[in-house]
Every structure is written in structure tokens, then in C-alpha cells.
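Below: run_33.pdb (PDB, C-alpha atoms)
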ATOM      1  CA  MET Z  25     -12.787  11.253  25.139
ATOM      2  CA  LYS Z  26     -11.138   8.962  22.586
ATOM      3  CA  GLN Z  27     -10.923   9.727  18.876
ATOM      4  CA  THR Z  28     -10.599   6.839  16.418
ATOM      5  CA  PHE Z  29      -9.438   7.009  12.812
ATOM      6  CA  TYR Z  30      -9.235   4.224  10.234
ATOM      7  CA  SER Z  31      -7.605   3.798   6.817
ATOM      8  CA  ASN Z  32      -7.791   1.023   4.202
ATOM      9  CA  GLY Z  33      -4.836  -0.974   2.985
ATOM     10  CA  LYS Z  34      -4.003  -1.182  -0.724
ATOM     11  CA  LEU Z  35      -2.992  -3.360  -3.646
ATOM     12  CA  LEU Z  36      -1.731  -1.891  -6.925
ATOM     13  CA  ILE Z  37      -2.935  -4.004  -9.854
ATOM     14  CA  THR Z  38      -1.566  -2.029 -12.807
ATOM     15  CA  GLY Z  39       0.784   0.910 -13.204
ATOM     16  CA  GLU Z  40       3.448  -0.062 -10.684
ATOM     17  CA  TYR Z  41       6.463   2.258 -10.948
ATOM     18  CA  THR Z  42       5.062   3.982 -14.063
ATOM     19  CA  VAL Z  43       2.412   5.700 -11.929
ATOM     20  CA  LEU Z  44       5.244   8.013 -10.865
ATOM     21  CA  ASP Z  45       5.632   9.103 -14.511
ATOM     22  CA  GLY Z  46       1.942   9.762 -15.112
ATOM     23  CA  ALA Z  47       0.520   6.331 -15.890
ATOM     24  CA  ASP Z  48      -3.023   5.557 -14.782
ATOM     25  CA  ALA Z  49      -2.873   3.144 -11.865
ATOM     26  CA  PHE Z  50      -5.639   0.635 -11.174
ATOM     27  CA  ALA Z  51      -5.680   0.008  -7.424
ATOM     28  CA  LEU Z  52      -7.876  -1.858  -4.963
ATOM     29  CA  PRO Z  53      -8.553  -0.885  -1.332
ATOM     30  CA  THR Z  54      -8.395  -3.916   0.952
ATOM     31  CA  LYS Z  55     -10.606  -5.164   3.754
ATOM     32  CA  TYR Z  56      -7.478  -4.957   5.895
ATOM     33  CA  GLY Z  57      -6.286  -1.636   7.300
ATOM     34  CA  GLN Z  58      -5.123   0.250  10.374
ATOM     35  CA  TYR Z  59      -6.764   2.078  13.290
ATOM     36  CA  LEU Z  60      -5.360   5.030  15.195
ATOM     37  CA  HIS Z  61      -6.813   5.816  18.628
ATOM     38  CA  VAL Z  62      -6.132   9.184  20.288
ATOM     39  CA  LYS Z  63      -6.639   9.863  24.001
ATOM     40  CA  LYS Z  64      -5.721  13.115  25.743
ATOM     41  CA  GLU Z  65      -3.094  13.017  28.513
ATOM     42  CA  GLU Z  66      -1.414  15.492  30.856
ATOM     43  CA  SER Z  67       2.226  14.755  30.045
ATOM     44  CA  LYS Z  68       3.275  17.248  27.332
ATOM     45  CA  SER Z  69       4.345  14.215  25.368
ATOM     46  CA  VAL Z  70       2.977  11.616  22.979
ATOM     47  CA  LYS Z  71       2.965   8.096  24.384
ATOM     48  CA  TRP Z  72       2.859   5.813  21.345
ATOM     49  CA  THR Z  73       2.034   2.086  21.237
ATOM     50  CA  SER Z  74       1.675   0.125  17.992
ATOM     51  CA  PHE Z  75      -0.023  -3.268  17.845
ATOM     52  CA  ASP Z  76       0.437  -5.836  15.101
ATOM     53  CA  ALA Z  77      -2.475  -7.914  13.817
ATOM     54  CA  ASP Z  78      -1.779 -10.623  16.420
ATOM     55  CA  LYS Z  79      -2.191  -8.004  19.199
ATOM     56  CA  SER Z  80       1.530  -8.042  20.003
ATOM     57  CA  ILE Z  81       3.263  -4.697  20.567
ATOM     58  CA  TRP Z  82       5.799  -4.100  17.798
ATOM     59  CA  PHE Z  83       6.690  -0.509  18.677
ATOM     60  CA  GLU Z  84       6.494   1.549  21.854
ATOM     61  CA  ASP Z  85       8.018   4.920  22.743
ATOM     62  CA  THR Z  86       7.285   8.322  24.287
ATOM     63  CA  LEU Z  87       7.903  11.412  22.162
ATOM     64  CA  SER Z  88       8.261  14.843  23.682
ATOM     65  CA  PHE Z  89       6.375  17.783  22.210
ATOM     66  CA  SER Z  90       9.704  19.619  21.829
ATOM     67  CA  ASP Z  91      11.186  16.783  19.717
ATOM     68  CA  ILE Z  92       8.126  16.789  17.489
ATOM     69  CA  LYS Z  93       8.183  20.562  17.068
ATOM     70  CA  GLU Z  94      11.911  20.568  16.298
ATOM     71  CA  GLY Z  95      11.711  17.478  14.082
ATOM     72  CA  LYS Z  96      14.610  15.646  15.716
ATOM     73  CA  THR Z  97      15.165  13.020  18.369
ATOM     74  CA  GLU Z  98      18.115  11.517  20.196
ATOM     75  CA  SER Z  99      16.618   8.060  19.766
ATOM     76  CA  ILE Z 100      18.550   5.668  17.515
ATOM     77  CA  ASN Z 101      15.375   3.676  16.813
ATOM     78  CA  PRO Z 102      14.587   4.202  13.100
ATOM     79  CA  VAL Z 103      10.860   3.829  13.763
ATOM     80  CA  THR Z 104      10.994   6.631  16.339
ATOM     81  CA  GLN Z 105      12.989   8.795  13.939
ATOM     82  CA  THR Z 106      10.458   8.254  11.150
ATOM     83  CA  LEU Z 107       7.490   8.866  13.436
ATOM     84  CA  VAL Z 108       8.996  12.129  14.738
ATOM     85  CA  LYS Z 109       9.547  13.241  11.135
ATOM     86  CA  ILE Z 110       5.920  12.547  10.190
ATOM     87  CA  LEU Z 111       4.515  14.209  13.301
ATOM     88  CA  HIS Z 112       6.842  17.192  12.853
ATOM     89  CA  THR Z 113       5.542  17.651   9.307
ATOM     90  CA  ALA Z 114       1.939  17.267  10.465
ATOM     91  CA  ASN Z 115       2.510  19.804  13.231
ATOM     92  CA  SER Z 116       4.046  22.291  10.806
ATOM     93  CA  MET Z 117       0.884  21.990   8.701
ATOM     94  CA  ASN Z 118      -1.438  22.433  11.703
ATOM     95  CA  PRO Z 119       0.246  23.532  14.976
ATOM     96  CA  GLU Z 120      -3.103  23.833  16.778
ATOM     97  CA  ILE Z 121      -3.286  20.137  17.705
ATOM     98  CA  LEU Z 122      -0.196  20.198  19.931
ATOM     99  CA  LEU Z 123      -0.597  23.848  20.888
ATOM    100  CA  GLY Z 124      -3.946  23.248  22.540
ATOM    101  CA  SER Z 125      -3.036  19.980  24.240
ATOM    102  CA  LYS Z 126      -1.321  18.735  27.385
ATOM    103  CA  GLY Z 127      -0.386  15.360  25.875
ATOM    104  CA  PHE Z 128      -1.640  12.286  24.071
ATOM    105  CA  ASP Z 129      -1.815   8.531  24.513
ATOM    106  CA  ILE Z 130      -1.803   7.030  20.996
ATOM    107  CA  THR Z 131      -2.387   3.432  19.988
ATOM    108  CA  THR Z 132      -2.333   2.026  16.470
ATOM    109  CA  GLU Z 133      -3.832  -1.321  15.490
ATOM    110  CA  LEU Z 134      -3.098  -3.136  12.252
ATOM    111  CA  THR Z 135      -5.667  -5.660  11.046
ATOM    112  CA  PHE Z 136      -3.023  -7.276   8.797
ATOM    113  CA  PRO Z 137       0.489  -8.479   9.693
ATOM    114  CA  ARG Z 138       2.739  -5.453   9.231
ATOM    115  CA  HIS Z 139       5.186  -7.314   6.969
ATOM    116  CA  TRP Z 140       2.483  -8.031   4.381
ATOM    117  CA  GLY Z 141       3.062  -4.786   2.498
ATOM    118  CA  LEU Z 142      -0.592  -3.737   2.404
ATOM    119  CA  GLY Z 143       0.196  -0.207   3.548
ATOM    120  CA  SER Z 144       1.333   0.023   7.161
ATOM    121  CA  SER Z 145       2.996   3.364   6.301
ATOM    122  CA  SER Z 146       0.275   4.827   4.074
ATOM    123  CA  THR Z 147      -2.508   3.936   6.508
ATOM    124  CA  LEU Z 148      -0.495   5.544   9.323
ATOM    125  CA  ILE Z 149       0.066   8.736   7.332
ATOM    126  CA  ASN Z 150      -3.587   8.964   6.346
ATOM    127  CA  ASN Z 151      -4.683   8.400   9.954
ATOM    128  CA  ILE Z 152      -2.297  11.066  11.252
ATOM    129  CA  ALA Z 153      -3.572  13.436   8.546
ATOM    130  CA  GLN Z 154      -7.139  12.821   9.734
ATOM    131  CA  TRP Z 155      -6.079  13.465  13.338
ATOM    132  CA  PHE Z 156      -4.363  16.753  12.435
ATOM    133  CA  ALA Z 157      -7.106  17.690   9.922
ATOM    134  CA  ILE Z 158      -4.579  18.166   7.106
ATOM    135  CA  ASP Z 159      -4.118  16.962   3.515
ATOM    136  CA  ALA Z 160      -2.725  13.414   3.575
ATOM    137  CA  PHE Z 161      -1.249  13.734   0.077
ATOM    138  CA  ILE Z 162       0.806  16.749   1.142
ATOM    139  CA  LEU Z 163       1.854  15.000   4.356
ATOM    140  CA  LEU Z 164       3.018  12.008   2.279
ATOM    141  CA  LYS Z 165       4.920  14.227  -0.142
ATOM    142  CA  LYS Z 166       6.718  16.052   2.676
ATOM    143  CA  SER Z 167       7.559  12.899   4.639
ATOM    144  CA  PHE Z 168       7.838   9.602   2.724
ATOM    145  CA  GLY Z 169       7.280  10.655  -0.867
ATOM    146  CA  GLY Z 170       5.717   8.356  -3.471
ATOM    147  CA  SER Z 171       2.867   8.538  -5.955
ATOM    148  CA  GLY Z 172       0.049   8.721  -3.395
ATOM    149  CA  TYR Z 173      -2.093   5.924  -4.854
ATOM    150  CA  ASP Z 174      -1.880   4.212  -1.467
ATOM    151  CA  ILE Z 175      -3.314   7.304   0.237
ATOM    152  CA  ALA Z 176      -6.147   7.286  -2.298
ATOM    153  CA  CYS Z 177      -6.888   3.657  -1.391
ATOM    154  CA  ALA Z 178      -6.766   4.552   2.306
ATOM    155  CA  GLN Z 179      -9.538   7.092   1.704
ATOM    156  CA  ASN Z 180     -11.794   5.207  -0.745
ATOM    157  CA  ASN Z 181     -13.956   2.117  -0.381
ATOM    158  CA  THR Z 182     -14.187   1.198  -4.062
ATOM    159  CA  PRO Z 183     -11.657   0.298  -6.775
ATOM    160  CA  ILE Z 184      -9.945   3.366  -8.174
ATOM    161  CA  VAL Z 185      -7.979   4.629 -11.137
ATOM    162  CA  TYR Z 186      -5.347   7.014  -9.829
ATOM    163  CA  ASN Z 187      -3.186   9.553 -11.605
ATOM    164  CA  VAL Z 188      -0.531  11.819 -10.090
ATOM    165  CA  SER Z 189      -1.575  14.746 -12.296
ATOM    166  CA  THR Z 190      -0.615  18.157 -10.951
ATOM    167  CA  PRO Z 191      -1.362  20.261  -9.025
ATOM    168  CA  THR Z 192      -3.515  17.634  -7.363
ATOM    169  CA  PRO Z 193      -3.875  13.918  -8.108
ATOM    170  CA  THR Z 194      -7.023  12.629  -9.797
ATOM    171  CA  ILE Z 195      -8.954   9.729  -8.310
ATOM    172  CA  LYS Z 196     -11.697   8.023 -10.268
ATOM    173  CA  ASN Z 197     -13.957   5.605  -8.388
ATOM    174  CA  ILE Z 198     -14.831   2.689 -10.623
ATOM    175  CA  SER Z 199     -16.780  -0.543 -10.604
ATOM    176  CA  PHE Z 200     -14.739  -3.714 -11.014
ATOM    177  CA  LYS Z 201     -16.946  -6.786 -10.871
ATOM    178  CA  PRO Z 202     -15.904  -9.221 -13.598
ATOM    179  CA  GLU Z 203     -17.382 -12.717 -13.504
ATOM    180  CA  PHE Z 204     -13.993 -14.287 -12.763
ATOM    181  CA  THR Z 205     -13.150 -12.662  -9.402
ATOM    182  CA  ASN Z 206     -13.632 -16.096  -7.793
ATOM    183  CA  ASP Z 207     -10.590 -17.208  -9.820
ATOM    184  CA  ILE Z 208      -8.352 -14.421  -8.453
ATOM    185  CA  TYR Z 209      -6.087 -15.032  -5.455
ATOM    186  CA  PHE Z 210      -3.491 -12.917  -3.700
ATOM    187  CA  VAL Z 211      -0.391 -14.851  -2.660
ATOM    188  CA  TYR Z 212       2.096 -13.555  -0.085
ATOM    189  CA  LEU Z 213       5.700 -14.256  -1.090
ATOM    190  CA  ASN Z 214       7.202 -13.327   2.297
ATOM    191  CA  GLN Z 215       9.945 -11.254   0.653
ATOM    192  CA  LYS Z 216       9.458  -7.744   2.034
ATOM    193  CA  GLN Z 217      10.454  -5.037  -0.438
ATOM    194  CA  ASN Z 218      11.513  -1.472   0.328
ATOM    195  CA  SER Z 219       9.351   0.657  -1.970
ATOM    196  CA  ARG Z 220      11.723   3.618  -1.919
ATOM    197  CA  SER Z 221      14.720   1.465  -2.906
ATOM    198  CA  ALA Z 222      12.667  -0.143  -5.673
ATOM    199  CA  ILE Z 223      11.669   3.283  -7.007
ATOM    200  CA  THR Z 224      15.316   4.402  -7.044
ATOM    201  CA  ALA Z 225      16.270   1.327  -9.065
ATOM    202  CA  TYR Z 226      13.399   1.952 -11.487
ATOM    203  CA  ASN Z 227      14.438   5.571 -12.023
ATOM    204  CA  GLU Z 228      17.963   4.436 -12.877
ATOM    205  CA  LYS Z 229      16.802   1.897 -15.467
ATOM    206  CA  LYS Z 230      13.816   3.478 -17.213
ATOM    207  CA  SER Z 231      14.054   4.837 -20.757
ATOM    208  CA  ASN Z 232      11.552   5.945 -23.404
ATOM    209  CA  ILE Z 233       9.095   6.212 -20.547
ATOM    210  CA  ILE Z 234       6.394   8.115 -22.461
ATOM    211  CA  ALA Z 235       5.872   5.143 -24.778
ATOM    212  CA  THR Z 236       5.820   2.773 -21.797
ATOM    213  CA  VAL Z 237       3.251   4.909 -19.970
ATOM    214  CA  ASN Z 238       1.014   4.915 -23.052
ATOM    215  CA  GLN Z 239       1.242   1.115 -23.281
ATOM    216  CA  ILE Z 240       0.399   0.685 -19.600
ATOM    217  CA  ASN Z 241      -2.542   3.102 -19.884
ATOM    218  CA  ASN Z 242      -3.967   1.111 -22.807
ATOM    219  CA  ILE Z 243      -3.610  -2.153 -20.884
ATOM    220  CA  THR Z 244      -5.265  -0.688 -17.785
ATOM    221  CA  GLN Z 245      -8.223   0.540 -19.816
ATOM    222  CA  GLU Z 246      -8.630  -2.851 -21.501
ATOM    223  CA  ILE Z 247      -8.399  -4.661 -18.162
ATOM    224  CA  LEU Z 248     -11.228  -2.542 -16.787
ATOM    225  CA  ASN Z 249     -13.377  -3.239 -19.831
ATOM    226  CA  THR Z 250     -13.011  -7.010 -20.031
ATOM    227  CA  ASN Z 251     -15.348  -9.519 -18.451
ATOM    228  CA  ASP Z 252     -13.611 -12.582 -19.871
ATOM    229  CA  ILE Z 253     -10.866 -14.386 -17.982
ATOM    230  CA  LYS Z 254      -8.746 -15.267 -21.033
ATOM    231  CA  PRO Z 255      -8.119 -11.708 -22.311
ATOM    232  CA  PHE Z 256      -7.733 -10.558 -18.703
ATOM    233  CA  MET Z 257      -4.879 -13.009 -18.184
ATOM    234  CA  GLU Z 258      -3.343 -12.051 -21.527
ATOM    235  CA  LEU Z 259      -3.384  -8.392 -20.500
ATOM    236  CA  LEU Z 260      -1.737  -9.170 -17.151
ATOM    237  CA  ASP Z 261       0.975 -11.109 -18.985
ATOM    238  CA  LYS Z 262       1.477  -8.238 -21.437
ATOM    239  CA  HIS Z 263       1.793  -5.746 -18.564
ATOM    240  CA  THR Z 264       4.299  -8.043 -16.844
ATOM    241  CA  ALA Z 265       6.385  -8.431 -20.006
ATOM    242  CA  ILE Z 266       6.617  -4.652 -20.471
ATOM    243  CA  MET Z 267       7.680  -4.027 -16.885
ATOM    244  CA  SER Z 268      10.102  -6.952 -16.956
ATOM    245  CA  GLU Z 269      11.922  -5.251 -19.814
ATOM    246  CA  VAL Z 270      11.884  -1.835 -18.114
ATOM    247  CA  LEU Z 271      13.114  -3.197 -14.783
ATOM    248  CA  GLU Z 272      15.513  -5.713 -16.358
ATOM    249  CA  THR Z 273      14.014  -8.259 -13.978
ATOM    250  CA  PRO Z 274      12.526 -11.669 -14.813
ATOM    251  CA  PRO Z 275       8.787 -12.083 -14.105
ATOM    252  CA  VAL Z 276       7.968 -13.818 -10.825
ATOM    253  CA  LYS Z 277       6.223 -16.656 -12.660
ATOM    254  CA  LYS Z 278       9.365 -17.459 -14.635
ATOM    255  CA  GLU Z 279      11.505 -17.253 -11.486
ATOM    256  CA  LEU Z 280       9.371 -19.171  -8.993
ATOM    257  CA  PHE Z 281       6.302 -20.756 -10.602
ATOM    258  CA  PRO Z 282       7.069 -21.780 -14.211
ATOM    259  CA  ASP Z 283       4.688 -24.753 -14.039
ATOM    260  CA  PHE Z 284       1.670 -22.694 -12.924
ATOM    261  CA  THR Z 285      -1.216 -22.922 -15.393
ATOM    262  CA  GLY Z 286      -2.436 -19.354 -15.429
ATOM    263  CA  SER Z 287      -1.149 -15.807 -14.928
ATOM    264  CA  ILE Z 288       0.864 -14.369 -12.064
ATOM    265  CA  LYS Z 289       1.499 -10.650 -11.714
ATOM    266  CA  SER Z 290       3.686  -8.820  -9.205
ATOM    267  CA  LEU Z 291       1.859  -6.053  -7.348
ATOM    268  CA  GLY Z 292       3.684  -2.903  -6.302
ATOM    269  CA  ALA Z 293       7.451  -3.276  -5.816
ATOM    270  CA  TRP Z 294       8.597  -6.353  -7.732
ATOM    271  CA  GLY Z 295      10.153  -9.229  -5.848
ATOM    272  CA  GLY Z 296       8.117  -9.448  -2.688
ATOM    273  CA  ASP Z 297       4.895  -8.903  -0.790
ATOM    274  CA  PHE Z 298       1.803 -10.044  -2.727
ATOM    275  CA  VAL Z 299       1.283 -11.306  -6.247
ATOM    276  CA  LEU Z 300      -2.010 -11.734  -8.073
ATOM    277  CA  ALA Z 301      -2.604 -15.262  -9.359
ATOM    278  CA  ILE Z 302      -5.432 -16.213 -11.676
ATOM    279  CA  SER Z 303      -6.224 -19.508 -13.387
ATOM    280  CA  LYS Z 304      -9.144 -21.351 -14.927
ATOM    281  CA  ASN Z 305      -8.203 -24.337 -12.759
ATOM    282  CA  ASN Z 306      -9.739 -24.808  -9.335
ATOM    283  CA  ASN Z 307      -6.537 -25.761  -7.513
ATOM    284  CA  THR Z 308      -4.806 -22.366  -7.340
ATOM    285  CA  ALA Z 309      -4.707 -22.185  -3.537
ATOM    286  CA  ALA Z 310      -3.488 -25.766  -3.224
ATOM    287  CA  TYR Z 311      -0.760 -25.163  -5.812
ATOM    288  CA  PHE Z 312       0.828 -22.288  -3.895
ATOM    289  CA  LYS Z 313       0.474 -23.963  -0.511
ATOM    290  CA  GLN Z 314       2.258 -27.034  -1.893
ATOM    291  CA  LYS Z 315       5.029 -24.711  -3.083
ATOM    292  CA  GLY Z 316       5.490 -23.405   0.469
ATOM    293  CA  TYR Z 317       3.399 -20.212   0.307
ATOM    294  CA  PRO Z 318       0.617 -20.707   2.875
ATOM    295  CA  VAL Z 319      -0.917 -17.208   2.689
ATOM    296  CA  VAL Z 320      -3.276 -17.450  -0.279
ATOM    297  CA  ILE Z 321      -6.227 -15.078   0.020
ATOM    298  CA  PRO Z 322      -9.279 -15.182  -2.300
ATOM    299  CA  TYR Z 323     -10.332 -11.910  -3.919
ATOM    300  CA  LYS Z 324     -13.580 -11.760  -1.936
ATOM    301  CA  ASP Z 325     -11.688 -11.991   1.365
ATOM    302  CA  MET Z 326      -9.079  -9.377   0.453
ATOM    303  CA  ILE Z 327     -10.825  -6.629  -1.493
ATOM    304  CA  LEU Z 328     -13.524  -4.227  -0.270
TER     305      LEU Z 328
END
Rewrite the structure of this file - the entire thing - as C-alpha cells.
Amino acid sequence: MKQTFYSNGKLLITGEYTVLDGADAFALPTKYGQYLHVKKEESKSVKWTSFDADKSIWFEDTLSFSDIKEGKTESINPVTQTLVKILHTANSMNPEILLGSKGFDITTELTFPRHWGLGSSSTLINNIAQWFAIDAFILLKKSFGGSGYDIACAQNNTPIVYNVSTPTPTIKNISFKPEFTNDIYFVYLNQKQNSRSAITAYNEKKSNIIATVNQINNITQEILNTNDIKPFMELLDKHTAIMSEVLETPPVKKELFPDFTGSIKSLGAWGGDFVLAISKNNNTAAYFKQKGYPVVIPYKDMIL
């Protein structure tokens, strides 16, 4: 018998970086995500095959139960090392899955190209947590670390406001249906960012963070309450200006698209993956494609 688990991808609209310091984060689950299929085997090992969105195999290995239980592997493949670490943590939280089994044949299937930055790691962690019947937020904390907003997106099918409040994060399901969603596009910059490296850089640069968090919270609340494109764009620009100062990094619009008539906001780790672009003009997609960025996805095609 085969078990199948699925998790949504994610896009962080407001609160990037500052979510780690208690800011409310407005995030959107995507129509793209990842499947994990589990079949029982007789090998006392975990045969693992990972498929990219184009059905090509991007990772393949066999992990012994003993490696998983000990949390170490002789493999020099960083993907194998990371996977063993996650499975070791999952097993320590619920040993019954491996204890009562003779082996597994696992396949994962992404419905988005893995370099897009929509959550190949968070969807994997949430799927493994479902398989082991454990808390995905704790699994994330003990393996990758991070705020957990991406896990919240993996588990919810509506827009959310997320806060890392202790002892457990708070997740508020919200309605986000402004009249201008047809003017919103997500543009892939093809500059993959390492979220953990970006967080380290942020932690080194931030100062007076309480004031910054309060500013971001106010902007997030206003964004959720507006149904007019002009103030929405002004709020995105204000958010960008604040984070530009904190990160000591120029906004992506200034760097790459200074002639764009509208607003552009980095999503998640600055400098790569997707940006949100919004304009009153009808040629947004054409503009970015002419600039050499062919992946331009309308809101309705990206967001659940």
C-alpha cells in the first residue's frame, strides 16, 4: 500500500527577515508544491528518488536504517547528508516508523522547478513530518531552523498572517481578495539565494529592531486593509525602503528595473528567486520578458 503526502509552496509578501524578530508576516501558499510517496520494502533501508518538475531525477540514493538512527553517513553528497539529518531528527521524535518496518521506497515529486525558491525544503520537511506523524515546526527547528512561516504555508490553503510567538507560532487564516490581483505578477530572477546565509547577514546588520518590527507590522496591517492599487503600491515601496536600510542593500527595482512604472518588491531572501511586480499598466509581463526574465506568473496562476 502506498501513502501519499502533499505540501504547498510559499511566498512571503511582508515581514521578510523581521519575522524572525517577531514581526507579523503576510504569506501566500502557492498552487505549486511537493508530493512524497511512501511504499514499504523489505530492505532495511530507505531507497530515495527525487523528481524535479520536468520529471527528471535530481537526487537518488539508498539510506540505511542504521545511518538514519545514528544521524551520520559516509556519503559526501550534501543532499544525502541533509536528508539523513532530517530523517534522524524525525526518527528521534517518533522511532515507531522505522522500528516497525522492513524498509521503504520513497519518491518525491516537485510541481515547480526546484531552483525557484518556492519551498523545496519546507515542503519536504512538512511531508516527512506528516509521514512520521510529528510536529513539522519542531522538525524544522531541530533540522534547518528558520521562522516556520513556510511550514505554515505548507499546511494551509489560504493566505496567512504568521508570527513566531512562543511557545508555539500563531497562524491566522485571512482573506486577501483585493480588486487589483489581476495586476500582480511574480517574476523569477534566476538568482538562487541561500536563506540561511541571508539570515546570518541580516542578524549582523540589524539595529533598533523593535522599531523596525513595529513599522513592518503597521505596513502589513494596512496592506491587508487596502483595496486600492495606489496605496498598496505605496505600502510595498515603504516596506522595501525600510528593509533596504536595514540590510544596507539597494532595492531590486533600483538595481535592475529603474524604468519600470509600478512597484517591485523582493520576496523572502533579497537578491534572488521571485519578486512581486505590480503596475496599473497592462504590459507588465511583456516588460520583464523583454528584459530577459521569461518566468512571469500572474497572481491567479501562482496563488491558491
Self-check item: Selection near Z:Asn150, 8 Å with all atoms listed in the file, sequence-local residues under 4 positions removed, as a PyMOL selection string
Solution: chain Z and resi 31+146+154+160+175+178-179
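Comparing the minimum interatomic distances between Z:Asn305 and each of Z:Thr190, Z:Asn151, Z:Thr285, Z:Thr250, counting all atoms listed in the file, we find that Z:Thr285 sits nearest.
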Quiz item: Using only C-alpha atoms, what residues lie at most 7 Å away from (12.6, 15.2, 14.1) (file coordinates), given as an NGL selection string?
Solution: :Z and (91-92 or 94-97 or 105 or 108-109 or 112)
Quiz item: Quick one: residues within 7 Å of Z:Phe89, only C-alpha atoms counted, chain neighbours fewer than 3 positions away excluded, as a VMD selection string?
Solution: chain Z and resid 68 to 69 92 to 93
Quiz item: So which residues get picked by the PyMOL selection byres ((chain Z and resi 168) around 10) here, written as an NGL selection string?
Solution: :Z and (106 or 109-110 or 145-146 or 149 or 163-167 or 169-170 or 172 or 220)
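Shortest separation to Z:Thr273 among Z:Ala309, Z:Ala293, Z:Ala47, Z:Val211 occurs at residue Z:Ala293, atoms counted being all atoms listed in the file.
Distances to Z:Asp207 were evaluated for Z:Phe128, Z:Trp82, Z:Tyr323, Z:Phe284 using only C-alpha atoms, and the minimum falls at Z:Tyr323.
Atom pair atom CA of Z:Asn249 / atom CA of Z:Asn306 has a distance of 24.3 Å (rounded to one decimal).
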Enclose the full set of atoms of stretch 51-54 of chain Z listed in the file within a box whose edges lie along x, y and z, apply 5 Å of padding to each of the six sides, and report centre and edge lengths in Å to one decimal as AutoDock Vina command-line options.
--center_x -7.1 --center_y -2.0 --center_z -3.2 --size_x 12.9 --size_y 13.9 --size_z 18.4
Quiz item: Of the candidates Z:Pro202, Z:Thr194, Z:Ala51, Z:Leu44, which one gets nearest to Z:Thr224 if we count only C-alpha atoms?
Solution: Z:Leu44
Quiz item: If you apply the PyMOL selection byres ((chain Z and resi 28) around 8) to this file, what residues do you get, as a PyMOL selection string?
Solution: chain Z and resi 26-27+29-30+59-62
Mind rebuilding stretch 177-194 of chain Z with N, CA and C atoms and writing that out as a PDB file, in the coordinates of the input?
ATOM      1  N   CYS Z 177      -6.232   4.899  -1.834  1.00  0.00           N
ATOM      2  CA  CYS Z 177      -6.888   3.657  -1.391  1.00  0.00           C
ATOM      3  C   CYS Z 177      -7.305   3.755   0.070  1.00  0.00           C
ATOM      4  N   ALA Z 178      -6.455   4.395   0.882  1.00  0.00           N
ATOM      5  CA  ALA Z 178      -6.766   4.552   2.306  1.00  0.00           C
ATOM      6  C   ALA Z 178      -8.072   5.298   2.509  1.00  0.00           C
ATOM      7  N   GLN Z 179      -8.391   6.196   1.563  1.00  0.00           N
ATOM      8  CA  GLN Z 179      -9.538   7.092   1.704  1.00  0.00           C
ATOM      9  C   GLN Z 179     -10.787   6.643   0.947  1.00  0.00           C
ATOM     10  N   ASN Z 180     -10.667   5.607   0.099  1.00  0.00           N
ATOM     11  CA  ASN Z 180     -11.794   5.207  -0.745  1.00  0.00           C
ATOM     12  C   ASN Z 180     -12.161   3.751  -0.520  1.00  0.00           C
ATOM     13  N   ASN Z 181     -13.455   3.467  -0.644  1.00  0.00           N
ATOM     14  CA  ASN Z 181     -13.956   2.117  -0.381  1.00  0.00           C
ATOM     15  C   ASN Z 181     -14.371   1.374  -1.643  1.00  0.00           C
ATOM     16  N   THR Z 182     -13.919   1.869  -2.791  1.00  0.00           N
ATOM     17  CA  THR Z 182     -14.187   1.198  -4.062  1.00  0.00           C
ATOM     18  C   THR Z 182     -12.888   1.143  -4.864  1.00  0.00           C
ATOM     19  N   PRO Z 183     -12.814   0.270  -5.879  1.00  0.00           N
ATOM     20  CA  PRO Z 183     -11.657   0.298  -6.775  1.00  0.00           C
ATOM     21  C   PRO Z 183     -11.477   1.693  -7.357  1.00  0.00           C
ATOM     22  N   ILE Z 184     -10.230   2.032  -7.646  1.00  0.00           N
ATOM     23  CA  ILE Z 184      -9.945   3.366  -8.174  1.00  0.00           C
ATOM     24  C   ILE Z 184      -8.983   3.307  -9.348  1.00  0.00           C
ATOM     25  N   VAL Z 185      -9.049   4.340 -10.190  1.00  0.00           N
ATOM     26  CA  VAL Z 185      -7.979   4.629 -11.137  1.00  0.00           C
ATOM     27  C   VAL Z 185      -7.360   5.935 -10.673  1.00  0.00           C
ATOM     28  N   TYR Z 186      -6.055   5.896 -10.449  1.00  0.00           N
ATOM     29  CA  TYR Z 186      -5.347   7.014  -9.829  1.00  0.00           C
ATOM     30  C   TYR Z 186      -4.320   7.583 -10.789  1.00  0.00           C
ATOM     31  N   ASN Z 187      -4.203   8.898 -10.799  1.00  0.00           N
ATOM     32  CA  ASN Z 187      -3.186   9.553 -11.605  1.00  0.00           C
ATOM     33  C   ASN Z 187      -2.557  10.689 -10.806  1.00  0.00           C
ATOM     34  N   VAL Z 188      -1.242  10.820 -10.904  1.00  0.00           N
ATOM     35  CA  VAL Z 188      -0.531  11.819 -10.090  1.00  0.00           C
ATOM     36  C   VAL Z 188      -0.627  13.233 -10.652  1.00  0.00           C
ATOM     37  N   SER Z 189      -1.495  13.459 -11.609  1.00  0.00           N
ATOM     38  CA  SER Z 189      -1.575  14.746 -12.296  1.00  0.00           C
ATOM     39  C   SER Z 189      -1.495  15.923 -11.335  1.00  0.00           C
ATOM     40  N   THR Z 190      -0.805  16.966 -11.784  1.00  0.00           N
ATOM     41  CA  THR Z 190      -0.615  18.157 -10.951  1.00  0.00           C
ATOM     42  C   THR Z 190      -1.659  19.217 -11.283  1.00  0.00           C
ATOM     43  N   PRO Z 191      -1.970  20.124 -10.356  1.00  0.00           N
ATOM     44  CA  PRO Z 191      -1.362  20.261  -9.025  1.00  0.00           C
ATOM     45  C   PRO Z 191      -1.874  19.245  -8.008  1.00  0.00           C
ATOM     46  N   THR Z 192      -2.999  18.634  -8.296  1.00  0.00           N
ATOM     47  CA  THR Z 192      -3.515  17.634  -7.363  1.00  0.00           C
ATOM     48  C   THR Z 192      -3.798  16.335  -8.119  1.00  0.00           C
ATOM     49  N   PRO Z 193      -3.608  15.195  -7.451  1.00  0.00           N
ATOM     50  CA  PRO Z 193      -3.875  13.918  -8.108  1.00  0.00           C
ATOM     51  C   PRO Z 193      -5.357  13.747  -8.434  1.00  0.00           C
ATOM     52  N   THR Z 194      -5.632  12.934  -9.453  1.00  0.00           N
ATOM     53  CA  THR Z 194      -7.023  12.629  -9.797  1.00  0.00           C
ATOM     54  C   THR Z 194      -7.333  11.202  -9.370  1.00  0.00           C
TER      55      THR Z 194
END
